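S.K.: The file below is upload_5.cif, mmCIF, C-alpha atoms:
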```cif
data_my_file
loop_
_atom_site.group_PDB
_atom_site.id
_atom_site.type_symbol
_atom_site.label_atom_id
_atom_site.label_comp_id
_atom_site.auth_asym_id
_atom_site.auth_seq_id
_atom_site.Cartn_x
_atom_site.Cartn_y
_atom_site.Cartn_z
ATOM 1 C CA MET Y 1 11.095 -10.161 12.639
ATOM 2 C CA THR Y 2 10.141 -10.315 16.266
ATOM 3 C CA ASP Y 3 6.419 -9.502 16.154
ATOM 4 C CA GLN Y 4 3.651 -12.076 16.143
ATOM 5 C CA PRO Y 5 3.198 -13.331 12.555
ATOM 6 C CA ILE Y 6 -0.107 -12.839 10.778
ATOM 7 C CA HIS Y 7 0.212 -16.427 9.606
ATOM 8 C CA ALA Y 8 2.954 -18.869 8.811
ATOM 9 C CA ASP Y 9 1.120 -21.091 6.351
ATOM 10 C CA PRO Y 10 3.154 -21.363 3.114
ATOM 11 C CA MET Y 11 -0.011 -22.348 1.208
ATOM 12 C CA HIS Y 12 -1.353 -18.781 1.532
ATOM 13 C CA GLU Y 13 0.523 -16.004 -0.207
ATOM 14 C CA SER Y 14 -1.269 -13.032 1.288
ATOM 15 C CA PRO Y 15 -2.117 -12.068 4.854
ATOM 16 C CA ALA Y 16 -5.032 -13.578 6.750
ATOM 17 C CA ASN Y 17 -5.993 -15.884 3.854
ATOM 18 C CA ASP Y 18 -6.721 -12.773 1.761
ATOM 19 C CA ALA Y 19 -6.724 -13.227 -2.014
ATOM 20 C CA ARG Y 20 -5.467 -9.706 -2.792
ATOM 21 C CA ASP Y 21 -2.522 -9.165 -5.099
ATOM 22 C CA PRO Y 22 0.166 -6.741 -3.931
ATOM 23 C CA VAL Y 23 0.558 -3.525 -5.925
ATOM 24 C CA ILE Y 24 4.295 -3.613 -5.250
ATOM 25 C CA ARG Y 25 6.905 -5.907 -3.714
ATOM 26 C CA ALA Y 26 10.396 -4.973 -2.624
ATOM 27 C CA THR Y 27 13.237 -6.394 -0.552
ATOM 28 C CA ALA Y 28 14.643 -4.208 2.230
ATOM 29 C CA MET Y 29 18.356 -3.612 1.698
ATOM 30 C CA PRO Y 30 21.082 -2.356 4.100
ATOM 31 C CA THR Y 31 20.701 1.191 2.726
ATOM 32 C CA ASP Y 32 17.050 1.088 3.889
ATOM 33 C CA ALA Y 33 17.993 0.571 7.556
ATOM 34 C CA ASN Y 34 17.663 3.138 10.325
ATOM 35 C CA PRO Y 35 20.495 3.768 12.836
ATOM 36 C CA TYR Y 36 19.084 1.005 15.073
ATOM 37 C CA GLY Y 37 19.296 -1.683 12.385
ATOM 38 C CA GLY Y 38 15.589 -1.941 11.548
ATOM 39 C CA VAL Y 39 13.997 -0.822 8.303
ATOM 40 C CA PHE Y 40 13.516 2.968 8.203
ATOM 41 C CA GLY Y 41 9.855 4.072 8.412
ATOM 42 C CA GLY Y 42 10.481 6.606 5.648
ATOM 43 C CA TRP Y 43 11.442 3.794 3.278
ATOM 44 C CA LEU Y 44 8.215 1.969 4.163
ATOM 45 C CA MET Y 45 6.177 5.130 3.511
ATOM 46 C CA GLY Y 46 7.941 5.619 0.179
ATOM 47 C CA GLN Y 47 7.155 2.077 -0.957
ATOM 48 C CA MET Y 48 3.546 2.537 0.155
ATOM 49 C CA ALA Y 49 3.311 5.801 -1.815
ATOM 50 C CA LEU Y 50 4.711 4.081 -4.923
ATOM 51 C CA GLY Y 51 2.148 1.293 -4.666
ATOM 52 C CA ALA Y 52 -0.773 3.622 -3.969
ATOM 53 C CA GLY Y 53 0.341 5.888 -6.824
ATOM 54 C CA ALA Y 54 0.441 2.969 -9.251
ATOM 55 C CA LEU Y 55 -3.123 2.046 -8.291
ATOM 56 C CA ALA Y 56 -4.326 5.672 -8.516
ATOM 57 C CA SER Y 57 -2.780 6.104 -11.989
ATOM 58 C CA ARG Y 58 -4.194 2.798 -13.209
ATOM 59 C CA ILE Y 59 -7.716 3.452 -11.951
ATOM 60 C CA GLY Y 60 -7.594 7.167 -12.779
ATOM 61 C CA GLN Y 61 -6.230 6.383 -16.237
ATOM 62 C CA GLY Y 62 -3.540 9.044 -16.111
ATOM 63 C CA LYS Y 63 -1.440 11.288 -13.911
ATOM 64 C CA ALA Y 64 -2.232 11.153 -10.190
ATOM 65 C CA VAL Y 65 -0.356 13.136 -7.532
ATOM 66 C CA VAL Y 66 -0.341 12.770 -3.752
ATOM 67 C CA VAL Y 67 -2.017 15.666 -1.934
ATOM 68 C CA SER Y 68 -2.086 14.120 1.549
ATOM 69 C CA ALA Y 69 -0.789 11.185 3.540
ATOM 70 C CA THR Y 70 -2.482 10.435 6.875
ATOM 71 C CA ASP Y 71 -3.224 7.877 9.556
ATOM 72 C CA PHE Y 72 0.179 6.198 9.501
ATOM 73 C CA ALA Y 73 1.006 3.487 11.993
ATOM 74 C CA PHE Y 74 3.972 1.156 12.241
ATOM 75 C CA PRO Y 75 2.727 -1.798 14.303
ATOM 76 C CA GLY Y 76 5.506 -4.220 13.394
ATOM 77 C CA VAL Y 77 9.190 -4.325 12.582
ATOM 78 C CA MET Y 78 10.944 -5.416 9.432
ATOM 79 C CA ALA Y 79 14.552 -6.552 9.087
ATOM 80 C CA VAL Y 80 16.986 -5.966 6.256
ATOM 81 C CA GLY Y 81 16.477 -8.770 3.725
ATOM 82 C CA ASP Y 82 12.764 -9.212 4.475
ATOM 83 C CA GLU Y 83 10.292 -8.903 1.615
ATOM 84 C CA LEU Y 84 7.708 -6.112 1.684
ATOM 85 C CA SER Y 85 4.333 -6.547 0.003
ATOM 86 C CA VAL Y 86 2.138 -3.458 -0.350
ATOM 87 C CA TYR Y 87 -1.632 -3.859 -0.663
ATOM 88 C CA ALA Y 88 -3.862 -0.939 -1.653
ATOM 89 C CA ASP Y 89 -7.604 -0.360 -1.892
ATOM 90 C CA VAL Y 90 -9.626 2.655 -3.004
ATOM 91 C CA VAL Y 91 -11.737 3.660 -0.005
ATOM 92 C CA GLU Y 92 -13.235 6.906 -1.303
ATOM 93 C CA GLN Y 93 -13.753 8.643 -4.615
ATOM 94 C CA GLY Y 94 -14.223 12.380 -5.031
ATOM 95 C CA THR Y 95 -14.905 14.347 -8.190
ATOM 96 C CA THR Y 96 -11.186 14.609 -9.003
ATOM 97 C CA SER Y 97 -9.640 12.503 -6.257
ATOM 98 C CA LEU Y 98 -9.087 8.971 -5.023
ATOM 99 C CA THR Y 99 -8.376 8.085 -1.398
ATOM 100 C CA ILE Y 100 -6.370 4.891 -1.054
ATOM 101 C CA SER Y 101 -5.821 2.811 2.067
ATOM 102 C CA VAL Y 102 -2.494 1.007 2.120
ATOM 103 C CA GLU Y 103 -1.228 -1.922 4.165
ATOM 104 C CA ALA Y 104 2.429 -3.014 4.199
ATOM 105 C CA ILE Y 105 3.210 -6.613 5.108
ATOM 106 C CA GLY Y 106 6.732 -7.861 5.803
ATOM 107 C CA ARG Y 107 7.634 -11.505 5.171
ATOM 108 C CA GLU Y 108 10.725 -12.886 6.835
ATOM 109 C CA ARG Y 109 13.528 -13.654 4.403
ATOM 110 C CA HIS Y 110 13.977 -17.316 5.266
ATOM 111 C CA GLY Y 111 10.396 -18.323 5.956
ATOM 112 C CA GLU Y 112 6.737 -17.583 5.508
ATOM 113 C CA ALA Y 113 5.874 -15.645 8.696
ATOM 114 C CA GLN Y 114 4.254 -12.318 7.840
ATOM 115 C CA THR Y 115 3.729 -9.207 9.959
ATOM 116 C CA GLN Y 116 1.882 -5.986 9.254
ATOM 117 C CA VAL Y 117 4.680 -3.421 9.450
ATOM 118 C CA ALA Y 118 2.828 -0.266 8.353
ATOM 119 C CA ARG Y 119 -0.519 1.131 7.262
ATOM 120 C CA GLY Y 120 -1.746 4.521 6.136
ATOM 121 C CA THR Y 121 -3.948 6.486 3.779
ATOM 122 C CA PHE Y 122 -3.036 8.519 0.700
ATOM 123 C CA LYS Y 123 -5.220 10.987 -1.198
ATOM 124 C CA PHE Y 124 -4.459 11.546 -4.875
ATOM 125 C CA VAL Y 125 -5.770 14.183 -7.265
ATOM 126 C CA LEU Y 126 -5.989 13.298 -10.952
ATOM 127 C CA LEU Y 127 -4.389 15.825 -13.308
ATOM 128 C CA ASP Y 128 -4.824 16.616 -16.994
ATOM 129 C CA ASP Y 129 -1.996 17.397 -19.440
ATOM 130 C CA GLU Y 130 -1.829 21.011 -18.198
ATOM 131 C CA GLY Y 131 -1.486 19.938 -14.581
ATOM 132 C CA LYS Y 132 -5.059 20.940 -13.667
ATOM 133 C CA PRO Y 133 -7.389 18.660 -11.651
ATOM 134 C CA ARG Y 134 -9.614 16.506 -13.840
ATOM 135 C CA PRO Y 135 -12.625 14.324 -13.038
ATOM 136 C CA VAL Y 136 -12.368 10.605 -12.395
ATOM 137 C CA ALA Y 137 -13.482 8.970 -15.655
ATOM 138 C CA LEU Y 138 -17.019 7.577 -15.501
ATOM 139 C CA GLU Y 139 -15.934 4.163 -16.750
ATOM 140 C CA ALA Y 140 -13.149 4.055 -14.146
ATOM 141 C CA ALA Y 141 -15.495 5.164 -11.369
ATOM 142 C CA ALA Y 142 -18.033 2.469 -12.267
ATOM 143 C CA ALA Y 143 -15.343 -0.208 -12.058
ATOM 144 C CA LEU Y 144 -13.933 0.900 -8.695
ATOM 145 C CA PRO Y 145 -13.864 -1.826 -6.060
ATOM 146 C CA VAL Y 146 -14.405 0.780 -3.333
ATOM 147 C CA ARG Y 147 -14.028 -0.485 0.219
ATOM 148 C CA SER Y 148 -15.871 1.165 3.092
ATOM 149 C CA ASN Y 149 -15.090 1.013 6.807
ATOM 150 C CA GLY Y 150 -12.217 -1.412 6.200
ATOM 151 C CA GLN Y 151 -14.453 -4.035 4.600
ATOM 152 C CA SER Y 152 -14.133 -5.416 1.081
ATOM 153 C CA ASP Y 153 -17.113 -5.024 -1.255
ATOM 154 C CA GLY Y 154 -16.821 -8.541 -2.538
#
```
In structure tokens, write the structure found in this file.
M.R.:
Amino acid sequence: MTDQPIHADPMHESPANDARDPVIRATAMPTDANPYGGVFGGWLMGQMALGAGALASRIGQGKAVVVSATDFAFPGVMAVGDELSVYADVVEQGTTSLTISVEAIGRERHGEAQTQVARGTFKFVLLDDEGKPRPVALEAAAALPVRSNGQSDG
């Protein structure tokens, strides 16, 4: 990767000394490359959607489908063979929806340097068994670690 690393300290596993756990990790393969040899932005978005969807289903305790994807940026580059870690946080809760902010961090294959390669926001609607929107469960809503204005609650 050619961008400035977030950090290169092997003692810290997540960006900027953050203690978050990734919702998904994947290694970029040659089939994930764009015609210019970098990792295709569509692959990054797909991995981010998978991670955000896993969080939405876990917190929503059931089926969650994407209804919008917004605010995407690709500030860094990722090479084939680099490891992608996807971090996700619920930033808003509606009656039947969860809005999830996602950050994708690439780690160089043969080192510890990390770079933010993508970020964006996904909105999910929770569905019942008939495919109709259903409310976020009260117990799930009470346990949400909702982040506001990019800041962690804790």
S.K.: Given the file shown, determine the residues that the PyMOL selection byres ((chain Y and resi 92-97) around 6) selects; report them as a ChimeraX atom specification.
M.R.: /Y:90-91,98-99,124-126,134-136
S.K.: I'd like the interatomic distance between CA of Asp82 in chain Y and CA of Ala33 in chain Y, to a tenth of an Å.
M.R.: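 CA of Ala33 in chain Y lies 11.5 Å from CA of Asp82 in chain Y.
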S.K.: Report the distance between CA of Met78 in chain Y and CA of Val117 in chain Y in Å, rounded to one decimal place.
M.R.: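 One can read the CA of Met78 in chain Y to CA of Val117 in chain Y distance as 6.6 Å.
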S.K.: On this file, the PyMOL selection byres ((chain Y and resi 38-50) around 9) gives some set of residues; write that set as a VMD selection string.
M.R.: chain Y and resid 23 to 26 28 to 37 51 to 55 66 69 72 74 77 to 80 84 86 to 88 102 to 104 117 to 120 122
S.K.: Can those selected residues be exported to a file as a PDB file, in the coordinates of the input so that it contains C-alpha atoms?
M.R.:
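Below is the file selection07.pdb, written as the result:
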```
ATOM      1  CA  VAL Y  23       0.558  -3.525  -5.925  1.00  0.00           C
ATOM      2  CA  ILE Y  24       4.295  -3.613  -5.250  1.00  0.00           C
ATOM      3  CA  ARG Y  25       6.905  -5.907  -3.714  1.00  0.00           C
ATOM      4  CA  ALA Y  26      10.396  -4.973  -2.624  1.00  0.00           C
ATOM      5  CA  ALA Y  28      14.643  -4.208   2.230  1.00  0.00           C
ATOM      6  CA  MET Y  29      18.356  -3.612   1.698  1.00  0.00           C
ATOM      7  CA  PRO Y  30      21.082  -2.356   4.100  1.00  0.00           C
ATOM      8  CA  THR Y  31      20.701   1.191   2.726  1.00  0.00           C
ATOM      9  CA  ASP Y  32      17.050   1.088   3.889  1.00  0.00           C
ATOM     10  CA  ALA Y  33      17.993   0.571   7.556  1.00  0.00           C
ATOM     11  CA  ASN Y  34      17.663   3.138  10.325  1.00  0.00           C
ATOM     12  CA  PRO Y  35      20.495   3.768  12.836  1.00  0.00           C
ATOM     13  CA  TYR Y  36      19.084   1.005  15.073  1.00  0.00           C
ATOM     14  CA  GLY Y  37      19.296  -1.683  12.385  1.00  0.00           C
ATOM     15  CA  GLY Y  51       2.148   1.293  -4.666  1.00  0.00           C
ATOM     16  CA  ALA Y  52      -0.773   3.622  -3.969  1.00  0.00           C
ATOM     17  CA  GLY Y  53       0.341   5.888  -6.824  1.00  0.00           C
ATOM     18  CA  ALA Y  54       0.441   2.969  -9.251  1.00  0.00           C
ATOM     19  CA  LEU Y  55      -3.123   2.046  -8.291  1.00  0.00           C
ATOM     20  CA  VAL Y  66      -0.341  12.770  -3.752  1.00  0.00           C
ATOM     21  CA  ALA Y  69      -0.789  11.185   3.540  1.00  0.00           C
ATOM     22  CA  PHE Y  72       0.179   6.198   9.501  1.00  0.00           C
ATOM     23  CA  PHE Y  74       3.972   1.156  12.241  1.00  0.00           C
ATOM     24  CA  VAL Y  77       9.190  -4.325  12.582  1.00  0.00           C
ATOM     25  CA  MET Y  78      10.944  -5.416   9.432  1.00  0.00           C
ATOM     26  CA  ALA Y  79      14.552  -6.552   9.087  1.00  0.00           C
ATOM     27  CA  VAL Y  80      16.986  -5.966   6.256  1.00  0.00           C
ATOM     28  CA  LEU Y  84       7.708  -6.112   1.684  1.00  0.00           C
ATOM     29  CA  VAL Y  86       2.138  -3.458  -0.350  1.00  0.00           C
ATOM     30  CA  TYR Y  87      -1.632  -3.859  -0.663  1.00  0.00           C
ATOM     31  CA  ALA Y  88      -3.862  -0.939  -1.653  1.00  0.00           C
ATOM     32  CA  VAL Y 102      -2.494   1.007   2.120  1.00  0.00           C
ATOM     33  CA  GLU Y 103      -1.228  -1.922   4.165  1.00  0.00           C
ATOM     34  CA  ALA Y 104       2.429  -3.014   4.199  1.00  0.00           C
ATOM     35  CA  VAL Y 117       4.680  -3.421   9.450  1.00  0.00           C
ATOM     36  CA  ALA Y 118       2.828  -0.266   8.353  1.00  0.00           C
ATOM     37  CA  ARG Y 119      -0.519   1.131   7.262  1.00  0.00           C
ATOM     38  CA  GLY Y 120      -1.746   4.521   6.136  1.00  0.00           C
ATOM     39  CA  PHE Y 122      -3.036   8.519   0.700  1.00  0.00           C
TER      40      PHE Y 122
END
```
S.K.: As lines of an AutoDock Vina configuration file, what would the box around range 112-127 of chain Y look like: edges along x, y and z, 3 Å added on every side, centre and edge lengths in Å to one decimal?
M.R.:
```
center_x = 0.4
center_y = -0.9
center_z = -1.7
size_x = 18.7
size_y = 39.4
size_z = 29.3
```
S.K.: Given the choices Y:Asp21, Y:Glu130, Y:Glu83, Y:Lys63, which gets closest to Glu112 in chain Y if the distance is worked out from only C-alpha atoms?
M.R.: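 Using only C-alpha atoms, Glu112 in chain Y sits closest to Y:Glu83.
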S.K.: Can you measure CA of Gly62 in chain Y to CA of Lys123 in chain Y for me? One decimal in Å is fine.
M.R.: 15.1 Å
